[in-house]
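Q: So here's upload.cif (mmCIF, C-alpha atoms).
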data_protein
#
loop_
_atom_site.label_atom_id
_atom_site.label_comp_id
_atom_site.auth_asym_id
_atom_site.auth_seq_id
_atom_site.Cartn_x
_atom_site.Cartn_y
_atom_site.Cartn_z
CA MET A 1 27.38 13.46 -6.45
CA VAL A 2 25.99 10.85 -8.85
CA THR A 3 22.32 9.94 -9.01
CA VAL A 4 21.23 6.73 -10.72
CA GLY A 5 17.63 6.63 -11.91
CA ILE A 6 16.12 3.17 -12.35
CA ASP A 7 13.00 2.23 -14.27
CA PRO A 8 12.10 -1.22 -12.86
CA HIS A 9 10.33 -4.01 -14.73
CA LYS A 10 9.55 -7.65 -14.08
CA HIS A 11 12.42 -9.11 -16.11
CA VAL A 12 14.85 -6.20 -16.59
CA HIS A 13 15.74 -2.87 -14.97
CA VAL A 14 17.01 0.16 -16.90
CA ALA A 15 19.50 2.48 -15.18
CA VAL A 16 20.68 5.98 -16.14
CA ALA A 17 23.44 7.83 -14.24
CA VAL A 18 23.40 11.65 -14.09
CA ASP A 19 25.57 14.23 -12.34
CA ALA A 20 24.43 16.90 -9.88
CA ASP A 21 23.30 19.12 -12.79
CA GLY A 22 21.18 16.36 -14.32
CA ARG A 23 23.53 15.61 -17.25
CA ARG A 24 23.85 11.98 -18.34
CA LEU A 25 27.26 10.52 -17.59
CA THR A 26 27.13 7.46 -19.83
CA ARG A 27 24.84 5.31 -21.91
CA PRO A 28 21.86 3.68 -20.16
CA LEU A 29 22.34 0.20 -18.75
CA THR A 30 19.77 -2.57 -19.14
CA VAL A 31 20.31 -5.34 -16.58
CA ASN A 32 18.45 -8.58 -16.01
CA ASN A 33 16.40 -8.85 -12.81
CA ASP A 34 18.13 -11.99 -11.55
CA ALA A 35 20.61 -13.13 -8.92
CA ASN A 36 23.48 -11.17 -10.55
CA LEU A 37 21.56 -7.88 -10.55
CA ILE A 38 23.34 -6.11 -7.68
CA GLY A 39 26.84 -7.19 -8.76
CA VAL A 40 26.33 -5.96 -12.32
CA LEU A 41 24.98 -2.58 -11.17
CA LEU A 42 27.78 -1.98 -8.66
CA LYS A 43 30.49 -2.91 -11.17
CA TRP A 44 28.90 -0.54 -13.71
CA ILE A 45 28.61 2.42 -11.32
CA ARG A 46 32.19 2.06 -10.02
CA THR A 47 33.55 2.87 -13.46
CA ILE A 48 31.34 5.98 -13.58
CA ALA A 49 31.31 7.42 -10.06
CA ASP A 50 35.02 6.86 -9.30
CA GLY A 51 34.50 7.14 -5.54
CA THR A 52 31.82 9.85 -5.71
CA PRO A 53 28.81 9.27 -3.42
CA VAL A 54 25.92 7.58 -5.26
CA THR A 55 22.19 7.86 -4.67
CA TRP A 56 20.00 5.21 -6.27
CA ALA A 57 16.56 6.54 -7.21
CA ILE A 58 13.97 3.90 -8.08
CA GLU A 59 10.53 4.47 -9.55
CA ASP A 60 8.04 3.42 -6.91
CA GLY A 61 7.01 0.05 -8.35
CA ARG A 62 8.03 -1.83 -5.23
CA GLY A 63 6.62 -5.14 -6.34
CA PHE A 64 9.28 -5.36 -9.05
CA ALA A 65 12.11 -3.42 -7.39
CA ARG A 66 12.08 -4.42 -3.73
CA ARG A 67 14.85 -7.02 -4.12
CA LEU A 68 16.93 -4.41 -5.94
CA ALA A 69 16.34 -1.79 -3.22
CA ASP A 70 17.15 -4.27 -0.43
CA GLY A 71 20.36 -5.40 -2.13
CA LEU A 72 21.63 -1.85 -2.71
CA LEU A 73 20.81 -0.78 0.84
CA LEU A 74 22.59 -3.80 2.33
CA THR A 75 25.74 -2.89 0.38
CA GLY A 76 25.76 0.53 2.06
CA HIS A 77 24.15 2.68 -0.63
CA GLU A 78 21.40 5.26 -0.23
CA VAL A 79 18.16 4.28 -1.97
CA VAL A 80 15.17 6.59 -2.48
CA TRP A 81 11.72 5.93 -3.92
CA VAL A 82 10.35 8.25 -6.61
CA PRO A 83 6.55 8.34 -7.02
CA THR A 84 5.37 7.57 -10.54
CA ARG A 85 3.52 10.87 -10.83
CA LEU A 86 6.67 12.79 -9.94
CA MET A 87 8.65 10.82 -12.53
CA ALA A 88 6.00 11.54 -15.17
CA ALA A 89 6.12 15.27 -14.40
CA HIS A 90 9.90 15.36 -14.87
CA ARG A 91 9.65 13.31 -18.04
CA LYS A 92 7.38 16.00 -19.51
CA LEU A 93 9.75 18.67 -18.26
CA HIS A 94 13.04 17.23 -19.54
CA ALA A 95 12.22 14.91 -22.46
CA ALA A 96 11.14 15.82 -25.97
CA THR A 97 7.39 16.29 -26.35
CA GLY A 98 5.69 12.90 -26.37
CA SER A 99 8.95 11.04 -25.78
CA LYS A 100 8.50 7.81 -23.81
CA SER A 101 11.00 4.99 -23.35
CA ASP A 102 12.66 3.10 -20.53
CA PRO A 103 15.87 5.24 -20.63
CA VAL A 104 13.75 8.42 -20.73
CA ASP A 105 11.79 7.21 -17.70
CA ALA A 106 14.98 6.27 -15.83
CA ALA A 107 16.47 9.71 -16.52
CA ALA A 108 13.25 11.35 -15.32
CA VAL A 109 13.47 9.32 -12.09
CA ALA A 110 17.00 10.65 -11.51
CA HIS A 111 15.95 14.25 -12.27
CA ALA A 112 13.03 13.93 -9.85
CA ALA A 113 15.34 12.66 -7.09
CA ILE A 114 17.73 15.58 -7.58
CA ALA A 115 14.89 18.12 -7.52
CA THR A 116 13.14 16.56 -4.50
CA PRO A 117 15.61 15.93 -1.65
CA GLY A 118 12.87 14.92 0.82
CA LEU A 119 11.91 11.67 -0.93
CA ASP A 120 11.25 8.53 1.07
CA ARG A 121 14.46 6.65 1.88
CA HIS A 122 14.33 2.89 1.63
CA ARG A 123 14.80 0.92 4.82
CA ILE A 124 14.51 -2.76 5.69
CA ASP A 125 12.25 -3.79 8.56
CA ASP A 126 11.84 -7.56 8.63
CA ARG A 127 8.76 -7.43 10.87
CA VAL A 128 7.00 -5.03 8.52
CA ARG A 129 8.04 -7.08 5.48
CA GLU A 130 6.46 -10.17 7.05
CA LEU A 131 3.29 -8.24 7.74
CA ARG A 132 3.18 -6.94 4.18
CA VAL A 133 3.27 -10.49 2.79
CA LEU A 134 0.47 -11.60 5.13
CA VAL A 135 -1.69 -8.54 4.44
CA ASP A 136 -1.25 -8.87 0.67
CA SER A 137 -2.01 -12.59 0.78
CA ARG A 138 -5.15 -12.00 2.86
CA ALA A 139 -6.33 -9.28 0.48
CA ASP A 140 -5.89 -11.63 -2.49
CA LEU A 141 -7.84 -14.40 -0.75
CA VAL A 142 -10.64 -12.01 0.24
CA ARG A 143 -10.95 -10.79 -3.36
CA ARG A 144 -11.13 -14.39 -4.59
CA ARG A 145 -13.69 -15.29 -1.91
CA THR A 146 -15.86 -12.29 -2.78
CA MET A 147 -15.86 -13.28 -6.44
CA VAL A 148 -16.91 -16.88 -5.69
CA ILE A 149 -19.58 -15.76 -3.20
CA ASN A 150 -21.06 -13.39 -5.77
CA GLN A 151 -21.11 -16.20 -8.34
CA ILE A 152 -22.81 -18.70 -6.05
CA LYS A 153 -25.39 -16.13 -4.95
CA ALA A 154 -26.27 -15.54 -8.60
CA TYR A 155 -26.57 -19.29 -9.24
CA THR A 156 -28.68 -20.00 -6.14
CA HIS A 157 -30.99 -17.14 -7.03
CA LEU A 158 -31.39 -18.57 -10.53
CA TRP A 159 -31.70 -22.28 -9.68
CA LEU A 160 -33.07 -22.31 -6.12
CA ASP A 161 -34.88 -18.97 -5.94
CA HIS A 162 -32.88 -18.32 -2.79
CA THR A 163 -30.34 -15.70 -1.68
CA PRO A 164 -27.95 -17.10 0.95
CA GLY A 165 -26.85 -15.16 4.00
CA ASP A 166 -23.32 -14.30 5.08
CA LEU A 167 -21.12 -17.01 3.56
CA THR A 168 -18.01 -15.82 5.39
CA ARG A 169 -19.48 -17.31 8.58
CA ARG A 170 -20.33 -20.86 9.56
CA PRO A 171 -24.16 -20.50 9.94
CA GLY A 172 -24.56 -19.16 6.38
CA MET A 173 -22.38 -21.94 4.95
CA THR A 174 -24.25 -24.64 6.90
CA SER A 175 -27.64 -23.35 5.76
CA LEU A 176 -26.62 -23.19 2.09
CA THR A 177 -25.02 -26.66 2.18
CA ALA A 178 -28.21 -28.16 3.61
CA LEU A 179 -30.33 -26.41 0.99
CA VAL A 180 -28.17 -27.68 -1.90
CA ASP A 181 -28.17 -31.22 -0.48
CA THR A 182 -31.97 -31.40 -0.07
CA THR A 183 -33.22 -29.54 -3.14
CA ASP A 184 -34.06 -31.45 -6.33
CA MET A 185 -31.86 -30.15 -9.14
CA SER A 186 -29.65 -31.25 -12.02
CA ALA A 187 -26.63 -33.31 -10.98
CA TYR A 188 -24.39 -30.97 -12.99
CA VAL A 189 -25.70 -27.89 -11.20
CA ARG A 190 -25.41 -29.61 -7.81
CA ARG A 191 -21.79 -30.50 -8.55
CA VAL A 192 -20.92 -26.89 -9.47
CA LEU A 193 -22.62 -25.49 -6.38
CA THR A 194 -20.98 -28.07 -4.13
CA GLU A 195 -17.52 -27.31 -5.54
CA MET A 196 -18.08 -23.59 -5.02
CA ILE A 197 -19.22 -24.17 -1.42
CA THR A 198 -16.10 -26.26 -0.82
CA GLU A 199 -13.91 -23.52 -2.29
CA ILE A 200 -15.54 -20.82 -0.14
CA ASP A 201 -15.10 -22.97 2.95
CA GLY A 202 -11.41 -23.44 2.16
CA LEU A 203 -10.94 -19.71 1.55
CA ASN A 204 -12.68 -18.91 4.84
CA THR A 205 -10.28 -21.22 6.67
CA ARG A 206 -7.22 -19.68 5.01
CA VAL A 207 -8.38 -16.12 5.68
CA ARG A 208 -9.04 -16.91 9.36
CA GLY A 209 -5.62 -18.54 9.64
CA LEU A 210 -3.91 -15.47 8.21
CA GLU A 211 -5.89 -13.19 10.50
CA THR A 212 -4.76 -15.23 13.52
CA THR A 213 -1.11 -14.89 12.44
CA ILE A 214 -1.55 -11.18 11.74
CA ARG A 215 -3.00 -10.69 15.22
CA GLU A 216 0.02 -12.43 16.79
CA LEU A 217 2.49 -10.23 14.88
CA VAL A 218 0.66 -6.92 15.21
CA THR A 219 -0.23 -7.02 18.91
CA PRO A 220 3.33 -6.38 20.23
CA LEU A 221 4.11 -3.85 17.46
CA ALA A 222 1.07 -1.59 17.77
CA PRO A 223 -0.50 -1.58 21.25
CA ALA A 224 -1.34 2.14 21.16
CA LEU A 225 -2.65 1.93 17.62
CA LEU A 226 -4.98 -0.93 18.54
CA GLU A 227 -6.53 1.14 21.32
CA ILE A 228 -8.05 3.52 18.75
CA THR A 229 -11.73 2.85 18.17
CA GLY A 230 -12.22 1.33 14.73
CA ILE A 231 -8.65 0.04 14.29
CA SER A 232 -8.72 -3.75 14.12
CA HIS A 233 -5.67 -5.99 13.99
CA VAL A 234 -6.02 -6.24 10.21
CA SER A 235 -6.36 -2.44 9.89
CA ALA A 236 -3.29 -1.95 12.08
CA ALA A 237 -1.39 -4.45 9.94
CA VAL A 238 -2.31 -2.55 6.78
CA LEU A 239 -1.16 0.72 8.37
CA LEU A 240 2.16 -0.81 9.39
CA ALA A 241 2.66 -2.59 6.07
CA GLU A 242 2.00 0.53 3.98
CA ILE A 243 3.65 3.13 6.25
CA GLY A 244 6.46 1.09 7.76
CA ASP A 245 8.64 3.19 10.03
CA ILE A 246 6.43 6.13 11.01
CA THR A 247 9.48 8.32 11.71
CA ARG A 248 9.82 8.88 7.97
CA PHE A 249 6.81 11.20 8.33
CA THR A 250 8.03 14.04 10.52
CA SER A 251 4.52 15.40 10.97
CA SER A 252 0.94 14.21 10.76
CA ALA A 253 0.40 16.69 7.91
CA LYS A 254 2.88 14.76 5.74
CA LEU A 255 1.14 11.49 6.60
CA ALA A 256 -2.20 13.09 5.72
CA ARG A 257 -0.88 14.05 2.29
CA TYR A 258 0.48 10.52 1.80
CA THR A 259 -2.92 9.01 2.61
CA GLY A 260 -4.90 11.46 0.48
CA THR A 261 -6.76 12.98 3.43
CA ALA A 262 -5.19 16.44 3.23
CA PRO A 263 -7.22 18.88 1.09
CA ILE A 264 -5.40 20.43 -1.87
CA PRO A 265 -5.25 24.23 -2.21
CA VAL A 266 -6.63 25.38 -5.59
CA TYR A 267 -7.16 29.09 -4.96
CA SER A 268 -5.91 32.11 -6.90
CA SER A 269 -6.51 35.88 -7.04
CA ASP A 270 -6.55 35.90 -3.23
CA LYS A 271 -9.65 33.67 -3.16
CA GLU A 272 -8.86 30.79 -0.85
CA ARG A 273 -10.36 27.42 -1.83
CA TYR A 274 -9.52 23.75 -1.31
CA ARG A 275 -10.66 20.56 -2.96
CA LEU A 276 -10.64 16.85 -2.22
CA HIS A 277 -7.34 15.06 -2.81
CA ARG A 278 -8.11 12.03 -4.98
CA GLY A 279 -4.54 10.78 -4.92
CA GLY A 280 -2.52 9.35 -2.07
CA ASN A 281 -2.33 5.76 -0.89
CA ARG A 282 -5.84 4.44 -1.52
CA ARG A 283 -5.32 1.37 0.65
CA LEU A 284 -4.63 3.56 3.67
CA ASN A 285 -7.47 5.87 2.68
CA SER A 286 -9.83 2.88 2.71
CA VAL A 287 -8.70 1.94 6.24
CA LEU A 288 -9.37 5.51 7.39
CA TYR A 289 -12.82 5.47 5.81
CA THR A 290 -13.74 2.23 7.59
CA THR A 291 -12.37 3.57 10.87
CA SER A 292 -14.42 6.78 10.50
CA ILE A 293 -17.60 4.74 9.94
CA VAL A 294 -16.95 2.69 13.09
CA GLN A 295 -16.17 5.82 15.10
CA GLN A 296 -19.36 7.45 13.87
CA ARG A 297 -21.29 4.57 15.45
CA PHE A 298 -19.35 3.98 18.65
CA HIS A 299 -17.20 7.03 19.53
CA PRO A 300 -19.01 9.97 21.21
CA ALA A 301 -16.31 12.53 20.36
CA ALA A 302 -16.40 11.50 16.69
CA ARG A 303 -20.18 11.84 16.61
CA ALA A 304 -19.90 15.29 18.17
CA LEU A 305 -17.31 16.36 15.58
CA LEU A 306 -19.51 15.13 12.72
CA ALA A 307 -22.58 16.87 14.15
CA ARG A 308 -20.65 20.11 14.45
CA HIS A 309 -19.48 20.14 10.82
CA GLU A 310 -22.37 18.50 8.94
CA PRO A 311 -24.54 21.68 8.77
CA THR A 312 -21.85 23.55 6.82
CA LYS A 313 -19.80 20.77 5.19
CA GLY A 314 -22.44 18.10 4.58
CA ALA A 315 -22.13 14.45 5.59
CA ARG A 316 -19.23 13.69 3.23
CA GLY A 317 -17.35 16.85 4.10
CA ALA A 318 -17.73 16.19 7.82
CA ARG A 319 -16.44 12.64 7.39
CA ARG A 320 -13.37 13.98 5.54
CA ILE A 321 -12.68 16.25 8.48
CA LEU A 322 -12.97 13.25 10.81
CA LYS A 323 -10.53 11.28 8.63
CA ARG A 324 -8.03 14.14 8.78
CA HIS A 325 -8.42 14.25 12.56
CA LEU A 326 -7.86 10.48 12.70
CA ILE A 327 -4.53 10.95 10.95
CA ASP A 328 -3.34 13.07 13.90
CA VAL A 329 -4.47 10.39 16.35
CA ILE A 330 -2.91 7.55 14.31
CA HIS A 331 0.37 9.44 13.85
CA ARG A 332 0.71 10.01 17.61
CA ALA A 333 -0.12 6.37 18.36
CA MET A 334 2.37 5.02 15.82
CA ILE A 335 5.11 7.33 17.13
CA GLN A 336 4.38 6.02 20.63
CA ASP A 337 4.50 2.41 19.42
CA ARG A 338 7.68 2.99 17.40
CA ALA A 339 9.50 4.15 20.54
CA THR A 340 8.96 0.68 22.06
CA TRP A 341 10.26 -1.37 19.11
CA GLN A 342 13.30 -3.46 19.95
CA HIS A 343 14.00 -5.11 16.58
CA HIS A 344 16.63 -3.77 14.17
CA ILE A 345 15.70 -1.66 11.14
CA THR A 346 18.32 -1.44 8.40
CA GLN A 347 18.73 2.10 7.08
CA HIS A 348 21.31 3.87 4.96
CA GLN A 349 24.82 3.47 6.27
CA LEU A 350 28.08 4.28 4.52
CA ALA A 351 29.88 1.30 3.08
CA ALA A 352 33.26 0.54 4.59
#
Once you've parsed the file, please lay out its structure as structure tokens.
A:
Amino acid sequence: MVTVGIDPHKHVHVAVAVDADGRRLTRPLTVNNDANLIGVLLKWIRTIADGTPVTWAIEDGRGFARRLADGLLLTGHEVVWVPTRLMAAHRKLHAATGSKSDPVDAAAVAHAAIATPGLDRHRIDDRVRELRVLVDSRADLVRRRTMVINQIKAYTHLWLDHTPGDLTRRPGMTSLTALVDTTDMSAYVRRVLTEMITEIDGLNTRVRGLETTIRELVTPLAPALLEITGISHVSAAVLLAEIGDITRFTSSAKLARYTGTAPIPVYSSDKERYRLHRGGNRRLNSVLYTTSIVQQRFHPAARALLARHEPTKGARGARRILKRHLIDVIHRAMIQDRATWQHHITQHQLAA
């Protein structure tokens, strides 16, 4: 068995091949991240593996390595994702103290894959990939819109002694436009404010357009998920984009750890104690937080759960318990939805 660890970067990837005992088999390979990437890697590994099964372990920087992972999977190879923290732990374990380089990182990725057989296997789901692009694009637009809104609120407070209302909605935009048009001010200031209003209006239109498309794609994929109080179409899209095929989490406990909602045991000397997990996927954790807030307002069972735990756990502790409970509900709903999917998902299959 040969394991290839890859440290991915924007312009190049560094690969190190090791055997089942973690020993390097050859010198590291640095390959350009271009159209010839897959061909160069496969030609290189054939001379090393000589027919032995190969597992490709990639550090989990999916923005840089997704094309690589897709190409390897489509050629019939097994591809696993290695979390950065796990790679860093194995780098400290296997490398010289303080040693840090691309080949060292690639070797640590391979060692982590050998030591952790349950790592996430890469798979290609075109529907989820489309959703991921839309969700990421919407998040970028919302961040840009928030920045411009904060700027224009500061300027209107300074120049007009006025704080506008919700500028993501038409009434707030109409009111601010009328105020800028009718107030006596410098032509230069008016021009800046007008341009910012125009930009916000354009961003609002683009965000609404993406949300409409997201709704159309998510509705047939997640009917059970959308029935949960507090899960909007955008929230469901984020869950699908970040989790993908829910069957890779065989239990809700594993999904809870992935989202950072499972408490971490920190006890010793037979004194049992747990603490908050500050790791996990923070994007998913944010969705769970928003969902818990909505459920606190509108879901009677959630309010009852919070009321039961607040006297002993406090408001924050009770909400963490609610988030962990939500993971169970979300996991069941996504399993139910996954059983209805008809589209093809490309997973590992042996090359002919």
Q: Give me, as a VMD selection string, all polymer residues having an atom no more than 6 Å from Val18 in chain A, counting only C-alpha atoms and skipping those fewer than 4 positions away in the same chain.
A: chain A and resid 2 to 3 22 to 25
Q: Which of these, A:Ile197, A:Ile58, A:Ile335, A:Leu217, has the shortest distance to Ala106 in chain A once you count only C-alpha atoms?
A: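 Nearest to Ala106 in chain A: A:Ile58.
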Q: Name the residues that the PyMOL selection byres ((chain A and resi 117-134) around 7) picks from the file above, as a list in words, using the file's chain letters and numbers.
A: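 Evaluating the PyMOL selection byres ((chain A and resi 117-134) around 7) on these coordinates yields Asp70, Val79, Val80, Trp81, Val82, Ala113, Ile114, Ala115, Thr116, Val135, Asp136, Ser137, Arg138, Leu210, Ile214, Ala237, Leu240, Ala241, Gly244, Ile345, Thr346 and Gln347 of chain A.
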Q: Go ahead and compute the interatomic distance for CA of Gly71 in chain A and CA of Ile38 in chain A, in Å to one decimal.
A: 6.3 Å
Q: Do a neighbour search on Leu255 in chain A at 9 Å with all atoms listed in the file, toss out local chain neighbours closer than 4 positions, and write the hits as a VMD selection string.
A: chain A and resid 243 246 249 to 251 259 to 262 327 to 328 331
Q: Generate N, CA, C and O atoms for range 224-245 of chain A and emit them as a compact mmCIF listing (two decimals), keeping the file's coordinate frame.
A:
# COMPACT_ATOMS: atom_id res chain seq x y z
N ALA A 224 -0.63 0.86 21.12
CA ALA A 224 -1.34 2.14 21.16
C ALA A 224 -2.27 2.30 19.97
O ALA A 224 -3.39 2.82 20.10
N LEU A 225 -1.84 1.84 18.82
CA LEU A 225 -2.65 1.93 17.62
C LEU A 225 -3.93 1.11 17.76
O LEU A 225 -5.02 1.53 17.34
N LEU A 226 -3.82 -0.05 18.39
CA LEU A 226 -4.98 -0.93 18.54
C LEU A 226 -5.99 -0.41 19.55
O LEU A 226 -7.13 -0.88 19.59
N GLU A 227 -5.60 0.55 20.37
CA GLU A 227 -6.53 1.14 21.32
C GLU A 227 -7.49 2.14 20.67
O GLU A 227 -8.49 2.53 21.27
N ILE A 228 -7.19 2.56 19.44
CA ILE A 228 -8.05 3.52 18.75
C ILE A 228 -9.32 2.82 18.30
O ILE A 228 -9.28 1.76 17.68
N THR A 229 -10.45 3.41 18.59
CA THR A 229 -11.73 2.85 18.17
C THR A 229 -11.79 2.73 16.65
O THR A 229 -11.53 3.69 15.94
N GLY A 230 -12.11 1.54 16.16
CA GLY A 230 -12.22 1.33 14.73
C GLY A 230 -10.98 0.74 14.08
O GLY A 230 -11.02 0.38 12.91
N ILE A 231 -9.88 0.64 14.82
CA ILE A 231 -8.65 0.04 14.29
C ILE A 231 -8.58 -1.41 14.74
O ILE A 231 -8.32 -1.70 15.92
N SER A 232 -8.84 -2.33 13.82
CA SER A 232 -8.72 -3.75 14.12
C SER A 232 -7.28 -4.20 13.92
O SER A 232 -6.43 -3.42 13.49
N HIS A 233 -7.01 -5.46 14.22
CA HIS A 233 -5.67 -5.99 13.99
C HIS A 233 -5.31 -5.97 12.51
O HIS A 233 -4.17 -5.69 12.15
N VAL A 234 -6.29 -6.27 11.65
CA VAL A 234 -6.02 -6.24 10.21
C VAL A 234 -5.77 -4.80 9.76
O VAL A 234 -4.85 -4.53 8.97
N SER A 235 -6.57 -3.85 10.24
CA SER A 235 -6.36 -2.44 9.89
C SER A 235 -4.99 -1.96 10.35
O SER A 235 -4.28 -1.26 9.61
N ALA A 236 -4.60 -2.33 11.57
CA ALA A 236 -3.29 -1.95 12.08
C ALA A 236 -2.18 -2.57 11.23
O ALA A 236 -1.15 -1.92 10.96
N ALA A 237 -2.39 -3.80 10.79
CA ALA A 237 -1.39 -4.45 9.94
C ALA A 237 -1.25 -3.73 8.61
O ALA A 237 -0.13 -3.56 8.09
N VAL A 238 -2.36 -3.30 8.03
CA VAL A 238 -2.31 -2.55 6.78
C VAL A 238 -1.56 -1.23 6.99
O VAL A 238 -0.71 -0.83 6.16
N LEU A 239 -1.85 -0.54 8.08
CA LEU A 239 -1.16 0.72 8.37
C LEU A 239 0.35 0.50 8.50
O LEU A 239 1.15 1.24 7.92
N LEU A 240 0.74 -0.53 9.23
CA LEU A 240 2.16 -0.81 9.39
C LEU A 240 2.81 -1.25 8.08
O LEU A 240 3.93 -0.84 7.76
N ALA A 241 2.10 -2.08 7.32
CA ALA A 241 2.66 -2.59 6.07
C ALA A 241 2.86 -1.48 5.04
O ALA A 241 3.85 -1.46 4.31
N GLU A 242 1.92 -0.54 4.98
CA GLU A 242 2.00 0.53 3.98
C GLU A 242 2.88 1.70 4.44
O GLU A 242 3.55 2.33 3.63
N ILE A 243 2.88 1.99 5.74
CA ILE A 243 3.65 3.13 6.25
C ILE A 243 5.05 2.70 6.67
O ILE A 243 6.03 3.42 6.44
N GLY A 244 5.16 1.53 7.29
CA GLY A 244 6.46 1.09 7.76
C GLY A 244 6.89 1.88 8.99
O GLY A 244 6.13 2.03 9.94
N ASP A 245 8.10 2.41 8.93
CA ASP A 245 8.64 3.19 10.03
C ASP A 245 8.00 4.58 10.01
O ASP A 245 8.27 5.39 9.11
